[in-house]
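Below is work.txt, which holds compact mmCIF, C-alpha atoms and all ligand atoms.
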```txt
# COMPACT_ATOMS: atom_id res chain seq x y z
CA MET A 1 -17.77 20.52 18.26
CA VAL A 2 -17.44 21.71 21.86
CA ALA A 3 -14.08 23.46 22.14
CA THR A 4 -12.30 22.78 25.43
CA PRO A 5 -10.05 25.82 25.94
CA LEU A 6 -6.33 25.19 25.49
CA ASP A 7 -4.18 25.49 28.59
CA LYS A 8 -1.68 28.32 28.10
CA SER A 9 0.19 27.37 31.27
CA ASN A 10 0.75 23.83 29.95
CA PRO A 11 4.37 23.38 28.75
CA LEU A 12 3.06 21.56 25.67
CA PRO A 13 2.99 24.03 22.76
CA LEU A 14 -0.50 25.30 21.86
CA TYR A 15 -0.39 23.82 18.35
CA HIS A 16 0.32 20.41 19.88
CA GLN A 17 -2.59 20.76 22.30
CA LEU A 18 -4.85 21.76 19.43
CA LYS A 19 -3.65 18.83 17.34
CA GLU A 20 -4.48 16.43 20.22
CA ALA A 21 -7.88 18.06 20.67
CA LEU A 22 -8.73 17.68 16.97
CA LEU A 23 -7.33 14.15 16.87
CA SER A 24 -9.62 13.06 19.69
CA HIS A 25 -12.62 13.94 17.48
CA ILE A 26 -11.24 11.78 14.67
CA GLN A 27 -10.17 8.84 16.81
CA SER A 28 -13.45 8.74 18.72
CA GLY A 29 -15.33 8.51 15.41
CA GLU A 30 -17.20 11.76 16.12
CA TRP A 31 -15.73 13.13 12.88
CA LEU A 32 -16.18 10.63 10.09
CA PRO A 33 -13.91 9.95 7.08
CA GLU A 34 -14.27 12.68 4.44
CA GLN A 35 -16.04 15.00 6.91
CA GLN A 36 -14.90 18.60 6.69
CA LEU A 37 -13.08 20.09 9.68
CA PRO A 38 -14.07 23.54 10.96
CA SER A 39 -12.36 26.29 8.98
CA GLU A 40 -9.07 27.81 10.16
CA ARG A 41 -10.93 30.97 11.12
CA ALA A 42 -13.51 29.04 13.13
CA LEU A 43 -10.76 27.17 14.97
CA CYS A 44 -8.96 30.43 15.77
CA GLU A 45 -12.14 31.84 17.27
CA GLN A 46 -13.20 28.73 19.14
CA PHE A 47 -9.80 28.14 20.74
CA GLN A 48 -8.74 31.81 20.99
CA ILE A 49 -5.44 31.18 19.20
CA SER A 50 -3.57 32.57 16.22
CA ARG A 51 -3.86 31.31 12.67
CA ILE A 52 -0.19 30.24 12.68
CA THR A 53 -0.93 27.90 15.61
CA VAL A 54 -3.94 26.44 13.81
CA ARG A 55 -1.95 25.93 10.61
CA GLN A 56 0.86 24.17 12.45
CA ALA A 57 -1.61 21.76 14.11
CA LEU A 58 -3.30 21.04 10.75
CA ALA A 59 0.06 20.56 9.04
CA ASP A 60 1.03 17.95 11.64
CA LEU A 61 -2.28 16.12 11.29
CA GLU A 62 -1.85 16.11 7.53
CA GLN A 63 1.69 14.83 7.71
CA GLU A 64 0.59 11.96 9.94
CA GLY A 65 -2.17 11.09 7.45
CA TRP A 66 -5.16 11.94 9.66
CA ILE A 67 -6.50 14.70 7.43
CA VAL A 68 -6.13 15.88 3.83
CA ARG A 69 -6.06 19.55 2.95
CA ASP A 70 -7.29 20.99 -0.27
CA GLN A 71 -6.38 24.57 -0.99
CA GLY A 72 -9.52 26.62 -1.16
CA ARG A 73 -11.83 23.86 0.09
CA GLY A 74 -10.43 23.26 3.57
CA ALA A 75 -9.40 20.20 5.57
CA PHE A 76 -11.14 16.81 5.59
CA VAL A 77 -10.79 13.66 7.69
CA SER A 78 -8.80 11.07 5.68
CA ARG A 79 -10.34 7.86 4.53
CA PRO A 80 -9.12 4.87 6.54
CA ARG A 81 -5.91 3.34 5.24
CA ILE A 82 -6.09 0.10 3.34
CA GLU A 83 -4.70 -2.77 5.34
CA GLN A 84 -3.04 -5.81 3.79
CA ARG A 85 -2.42 -8.85 5.94
CA LEU A 86 1.11 -10.04 5.54
CA ASN A 87 0.42 -13.68 6.22
CA HIS A 88 -2.10 -14.09 3.37
CA LEU A 89 -1.36 -14.08 -0.34
CA THR A 90 -3.98 -11.86 -1.92
CA SER A 91 -4.33 -9.80 -5.08
CA PHE A 92 -4.99 -6.08 -5.20
CA THR A 93 -8.53 -6.82 -6.40
CA GLN A 94 -9.22 -9.10 -3.45
CA ASP A 95 -7.71 -6.59 -0.98
CA MET A 96 -9.90 -3.77 -2.23
CA ARG A 97 -13.10 -5.80 -2.44
CA ALA A 98 -12.55 -7.09 1.10
CA ARG A 99 -12.63 -3.45 2.20
CA GLY A 100 -15.72 -2.58 0.21
CA GLN A 101 -13.71 -0.51 -2.27
CA ARG A 102 -13.93 -0.69 -6.04
CA PRO A 103 -10.61 -1.86 -7.55
CA GLY A 104 -9.44 -0.33 -10.79
CA SER A 105 -6.42 -0.39 -13.08
CA VAL A 106 -4.98 1.80 -15.77
CA VAL A 107 -2.63 -0.20 -17.99
CA LEU A 108 0.44 1.93 -18.66
CA GLN A 109 2.62 -0.66 -20.42
CA GLN A 110 1.95 -4.20 -21.62
CA CYS A 111 4.71 -5.50 -23.84
CA LEU A 112 7.62 -7.88 -24.21
CA VAL A 113 10.95 -6.75 -22.81
CA ARG A 114 14.38 -8.22 -22.28
CA PRO A 115 14.75 -9.01 -18.55
CA THR A 116 17.52 -7.39 -16.55
CA SER A 117 19.76 -9.89 -14.79
CA TRP A 118 17.87 -9.19 -11.54
CA VAL A 119 14.47 -9.90 -13.05
CA ALA A 120 15.88 -13.06 -14.69
CA HIS A 121 17.29 -14.07 -11.32
CA TYR A 122 14.00 -13.56 -9.44
CA LEU A 123 12.03 -15.40 -12.11
CA GLY A 124 14.59 -18.21 -12.23
CA LEU A 125 15.01 -17.78 -16.01
CA ARG A 126 17.67 -19.51 -18.06
CA ALA A 127 19.94 -17.41 -20.29
CA SER A 128 18.01 -18.66 -23.34
CA GLN A 129 14.75 -17.14 -22.02
CA ARG A 130 15.32 -13.62 -23.29
CA GLN A 131 11.83 -12.20 -23.04
CA VAL A 132 9.39 -11.39 -20.24
CA ILE A 133 6.04 -9.65 -20.24
CA LEU A 134 6.16 -6.20 -18.67
CA LEU A 135 2.81 -5.14 -17.24
CA LYS A 136 2.85 -1.69 -15.68
CA ARG A 137 -0.39 -0.60 -14.06
CA MET A 138 -1.72 2.21 -11.97
CA ARG A 139 -3.95 0.70 -9.30
CA THR A 140 -6.92 2.60 -7.96
CA ALA A 141 -9.46 2.14 -5.18
CA ASN A 142 -12.78 3.95 -5.70
CA ASN A 143 -10.98 5.86 -8.49
CA GLU A 144 -8.30 7.10 -6.11
CA ARG A 145 -4.70 6.42 -7.14
CA ILE A 146 -3.10 4.01 -4.67
CA ALA A 147 -0.11 2.31 -6.31
CA VAL A 148 2.00 1.89 -9.39
CA GLU A 149 2.91 -1.74 -10.08
CA LYS A 150 5.47 -2.97 -12.56
CA ALA A 151 5.08 -6.72 -13.01
CA PHE A 152 7.49 -8.89 -14.98
CA LEU A 153 5.87 -12.17 -15.97
CA ASN A 154 7.47 -15.37 -17.23
CA TYR A 155 6.53 -15.27 -20.93
CA GLN A 156 6.50 -19.02 -21.42
CA LEU A 157 4.06 -19.52 -18.55
CA CYS A 158 1.94 -16.40 -18.99
CA ARG A 159 1.87 -15.91 -22.80
CA PRO A 160 -1.92 -15.14 -23.15
CA ILE A 161 -1.57 -12.25 -20.68
CA LEU A 162 0.31 -10.22 -23.29
CA GLU A 163 -2.87 -9.69 -25.31
CA ASP A 164 -5.41 -9.74 -22.50
CA ASP A 165 -7.38 -6.66 -21.41
CA LEU A 166 -6.27 -6.07 -17.84
CA SER A 167 -7.89 -2.69 -17.34
CA GLN A 168 -11.03 -4.27 -15.83
CA GLN A 169 -9.84 -7.68 -14.69
CA SER A 170 -7.64 -9.17 -11.99
CA LEU A 171 -4.27 -10.41 -13.20
CA TYR A 172 -4.34 -13.31 -10.74
CA ALA A 173 -7.84 -14.34 -11.83
CA ARG A 174 -6.83 -14.20 -15.52
CA LEU A 175 -3.63 -16.16 -14.88
CA THR A 176 -5.73 -18.93 -13.39
CA GLU A 177 -8.34 -18.81 -16.16
CA LEU A 178 -6.00 -18.49 -19.14
CA CYS A 179 -2.73 -20.05 -18.00
CA ASN A 180 -3.75 -22.49 -15.27
CA ILE A 181 -1.52 -20.64 -12.81
CA VAL A 182 -2.66 -20.59 -9.21
CA PRO A 183 -0.76 -17.97 -7.17
CA THR A 184 0.23 -20.06 -4.18
CA ARG A 185 2.97 -18.31 -2.23
CA ALA A 186 5.08 -15.17 -2.45
CA GLU A 187 8.23 -13.66 -1.07
CA GLN A 188 7.86 -9.97 -0.38
CA GLN A 189 10.19 -7.21 0.65
CA ILE A 190 8.81 -3.88 1.90
CA GLN A 191 10.93 -0.80 2.24
CA ALA A 192 10.13 2.78 3.17
CA ALA A 193 11.18 5.11 0.36
CA ALA A 194 10.87 8.61 -0.98
CA CYS A 195 8.68 8.48 -4.09
CA PRO A 196 10.69 8.78 -7.33
CA THR A 197 9.65 11.58 -9.70
CA GLU A 198 7.98 9.41 -12.35
CA GLU A 199 5.85 7.42 -9.88
CA ALA A 200 5.00 10.64 -7.97
CA ARG A 201 3.69 12.16 -11.20
CA LEU A 202 1.53 9.09 -11.83
CA LEU A 203 0.25 8.94 -8.25
CA LYS A 204 -0.31 12.71 -8.20
CA ILE A 205 1.73 13.17 -5.04
CA LYS A 206 4.82 15.28 -4.42
CA SER A 207 8.09 13.77 -5.53
CA GLY A 208 9.84 12.50 -2.39
CA SER A 209 6.59 11.81 -0.47
CA PRO A 210 6.72 8.68 1.70
CA VAL A 211 5.84 5.49 -0.17
CA LEU A 212 6.21 1.77 0.39
CA HIS A 213 8.54 0.24 -2.13
CA ILE A 214 7.57 -3.41 -2.47
CA ARG A 215 9.19 -6.23 -4.36
CA ARG A 216 7.28 -9.47 -4.65
CA THR A 217 8.13 -12.79 -6.29
CA THR A 218 5.08 -14.99 -6.62
CA TYR A 219 5.08 -18.74 -7.13
CA ASP A 220 2.48 -21.03 -8.68
CA GLN A 221 1.10 -24.35 -7.48
CA HIS A 222 4.27 -26.12 -8.77
CA ASP A 223 6.45 -23.67 -6.83
CA GLN A 224 7.64 -22.04 -10.02
CA PRO A 225 8.06 -18.24 -9.88
CA PHE A 226 5.78 -16.63 -12.47
CA GLU A 227 5.89 -12.92 -11.54
CA PHE A 228 8.33 -10.47 -10.09
CA VAL A 229 6.63 -7.20 -9.19
CA GLU A 230 8.10 -3.92 -8.17
CA SER A 231 5.57 -1.46 -6.82
CA TYR A 232 5.20 1.87 -5.11
CA TYR A 233 2.26 2.19 -2.72
CA ARG A 234 1.19 5.52 -1.23
CA GLY A 235 2.44 5.51 2.35
CA ASP A 236 -0.57 7.51 3.55
CA LYS A 237 -3.06 5.03 2.10
CA TYR A 238 -1.64 1.61 2.79
CA VAL A 239 -0.80 -0.29 5.95
CA PHE A 240 0.61 -3.80 6.24
CA TYR A 241 -0.65 -5.88 9.08
CA ALA A 242 1.02 -8.95 10.55
CA GLU A 243 0.08 -11.10 13.49
CA LEU A 244 3.20 -12.20 15.31
CA ARG A 245 3.61 -15.17 17.61
CA VAL A 246 6.47 -16.24 19.75
CA ASP A 247 8.27 -19.43 18.68
CA VAL A 248 7.07 -22.38 20.72
CA ALA A 249 9.55 -25.22 21.21
CA PRO A 250 8.18 -28.37 19.54
CA GLN A 251 6.50 -30.66 22.07
CA GLN A 252 8.58 -33.73 22.67
CA THR A 253 6.66 -36.87 21.96
CA GLY A 254 7.62 -40.49 22.52
CA SER A 255 10.49 -41.66 24.69
CA VAL A 256 13.56 -39.61 25.46
CA ALA A 257 16.88 -41.42 25.13
CA VAL A 258 18.96 -40.83 28.25
CA LYS A 259 22.65 -41.26 27.77
CA GLN A 260 23.97 -43.73 30.32
CA PRO A 261 27.24 -42.85 32.05
CA THR A 262 30.05 -45.06 30.82
C1 LIG A 301 -0.98 -7.23 -5.63
C2 LIG A 301 0.45 -7.73 -5.67
C3 LIG A 301 0.99 -7.86 -7.07
C4 LIG A 301 0.03 -8.60 -7.97
C5 LIG A 301 -1.34 -7.97 -7.90
C6 LIG A 301 -2.36 -8.71 -8.71
C7 LIG A 301 1.36 -6.54 -3.67
C8 LIG A 301 2.43 -5.71 -3.11
N1 LIG A 301 1.38 -6.86 -4.95
O1 LIG A 301 -1.06 -5.90 -5.91
O2 LIG A 301 2.19 -8.59 -6.99
O3 LIG A 301 0.47 -8.59 -9.31
O4 LIG A 301 -1.79 -7.95 -6.55
O5 LIG A 301 -3.56 -7.96 -8.59
O6 LIG A 301 0.52 -6.91 -2.93
P1 LIG A 301 -4.82 -8.19 -9.47
O7 LIG A 301 -5.07 -9.68 -9.50
O8 LIG A 301 -5.89 -7.42 -8.80
O9 LIG A 301 -4.54 -7.68 -10.85
```

As a first step, turn the structure in this file into structure tokens.
Amino acid sequence: MVATPLDKSNPLPLYHQLKEALLSHIQSGEWLPEQQLPSERALCEQFQISRITVRQALADLEQEGWIVRDQGRGAFVSRPRIEQRLNHLTSFTQDMRARGQRPGSVVLQQCLVRPTSWVAHYLGLRASQRQVILLKRMRTANNERIAVEKAFLNYQLCRPILEDDLSQQSLYARLTELCNIVPTRAEQQIQAAACPTEEARLLKIKSGSPVLHIRRTTYDQHDQPFEFVESYYRGDKYVFYAELRVDVAPQQTGSVAVKQPT
């Protein structure tokens, strides 16, 4: 790395200038994901600045998700975030494979439970349908913990899933194979949240770290809801992508009726 000296007459604080300088190495691709950054001491010497300034710049880069710091080992360029397109219905397995990552699951709970009135509402259950399958899984990409998903499945439609081994297989694939359910559309709500304690423990992040709290209701080929999922995705690992288009007024075809004055 060639260190351009920081400009002490610049009104921008030195830590901010250093942060921008380091960021340019990441954004240009000169520093690759997982590559180690120069040590704090090396940065102090190269830029002729104090350790406090270096630490502040690194803390900002870490908070914005550009680097990860490991006490004792140093700072490393983060892996790229996983992007999910919002206009396509995909499974976690498909999302990860599309990015060349190895999907994984740890099944935390797989049992029958009584649905809360909200779950019953989202799944469109009648009062007589008193049981749903709860499938709680930790989702990983290349063995890294990415999300905790709590899926509630319509028991009548998804019965074989209760006994199935979902630690190595895709839920959506198994639903199609075992239950003839083809996930066809979904309604999804995404909210920024502070990670609750239990999920933070599972994801090995600090309680209160930024996460995406997602609720999804997924419908089959007959437009029947079969799953309601509540999940927490690590905010530093996941990005949702949507392509937006302006509404275009429908083209008028055929003749236009002109009202005659009376
Ligand atoms: C995604 C879905 C989740 C679904 C899962 C199936 C979101 C927010 N959630 O993670 O609703 O249950 O895929 O994944 O995208 P699988 O087929 O890999 O088990």

- Message: Could you list the protein, DNA and RNA residues that have any atom within 8 Å of ligand LIG 301 (chain A), counting only C-alpha atoms and all ligand atoms, and write them as number ranges by chain?
- Response: A: 84, 89-94, 103, 105, 139, 149, 151, 166, 169-174, 188, 214-218, 227-231, 233

- Item | Residues near A:Gln35, cut-off 12 Å, all atoms listed in the file, skip fewer than 6 positions along chain, as a list in words |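 The contact residues come out as His25, Ile26, Gly29, Trp66, Ile67, Val68, Arg69, Arg73, Gly74, Ala75, Phe76, Val77, Ser78 and Arg79 of chain A.
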
- Message: I'd like the neighbourhood of stretch 118-129 of chain A as a ChimeraX atom specification, where a residue qualifies if any of its atoms comes within 9 Å (using only C-alpha atoms), though same-chain residues fewer than 2 positions away should be ignored.
- Response: /A:114-116,131-132,152-156,217-218,224-228

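Reported to one decimal place, the separation of atom CA of A:Cys158 from atom CA of A:Asn87 is 25.4 Å.
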
- Task: Would you be able to write out as a PyMOL selection string which residues have an atom within 12 Å of (-11.7, 28.0, 12.5) in the file's coordinates, counting all atoms listed in the file?
- Result: chain A and resi 1+3+18+22+36-55+57-58+74-75

- Among the residues A:Ser167, A:Gln191, A:Ser207, A:Ser9, the one that comes closest to A:Gln109 [using only C-alpha atoms]: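 Ranked by minimum distance to A:Gln109, first place goes to A:Ser167.
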
- Message: Please compute the atom CA of A:Val107-atom CA of A:Leu157 distance, one decimal, in Å.
- Response: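 Going from atom CA of A:Val107 over to atom CA of A:Leu157 covers 20.5 Å.
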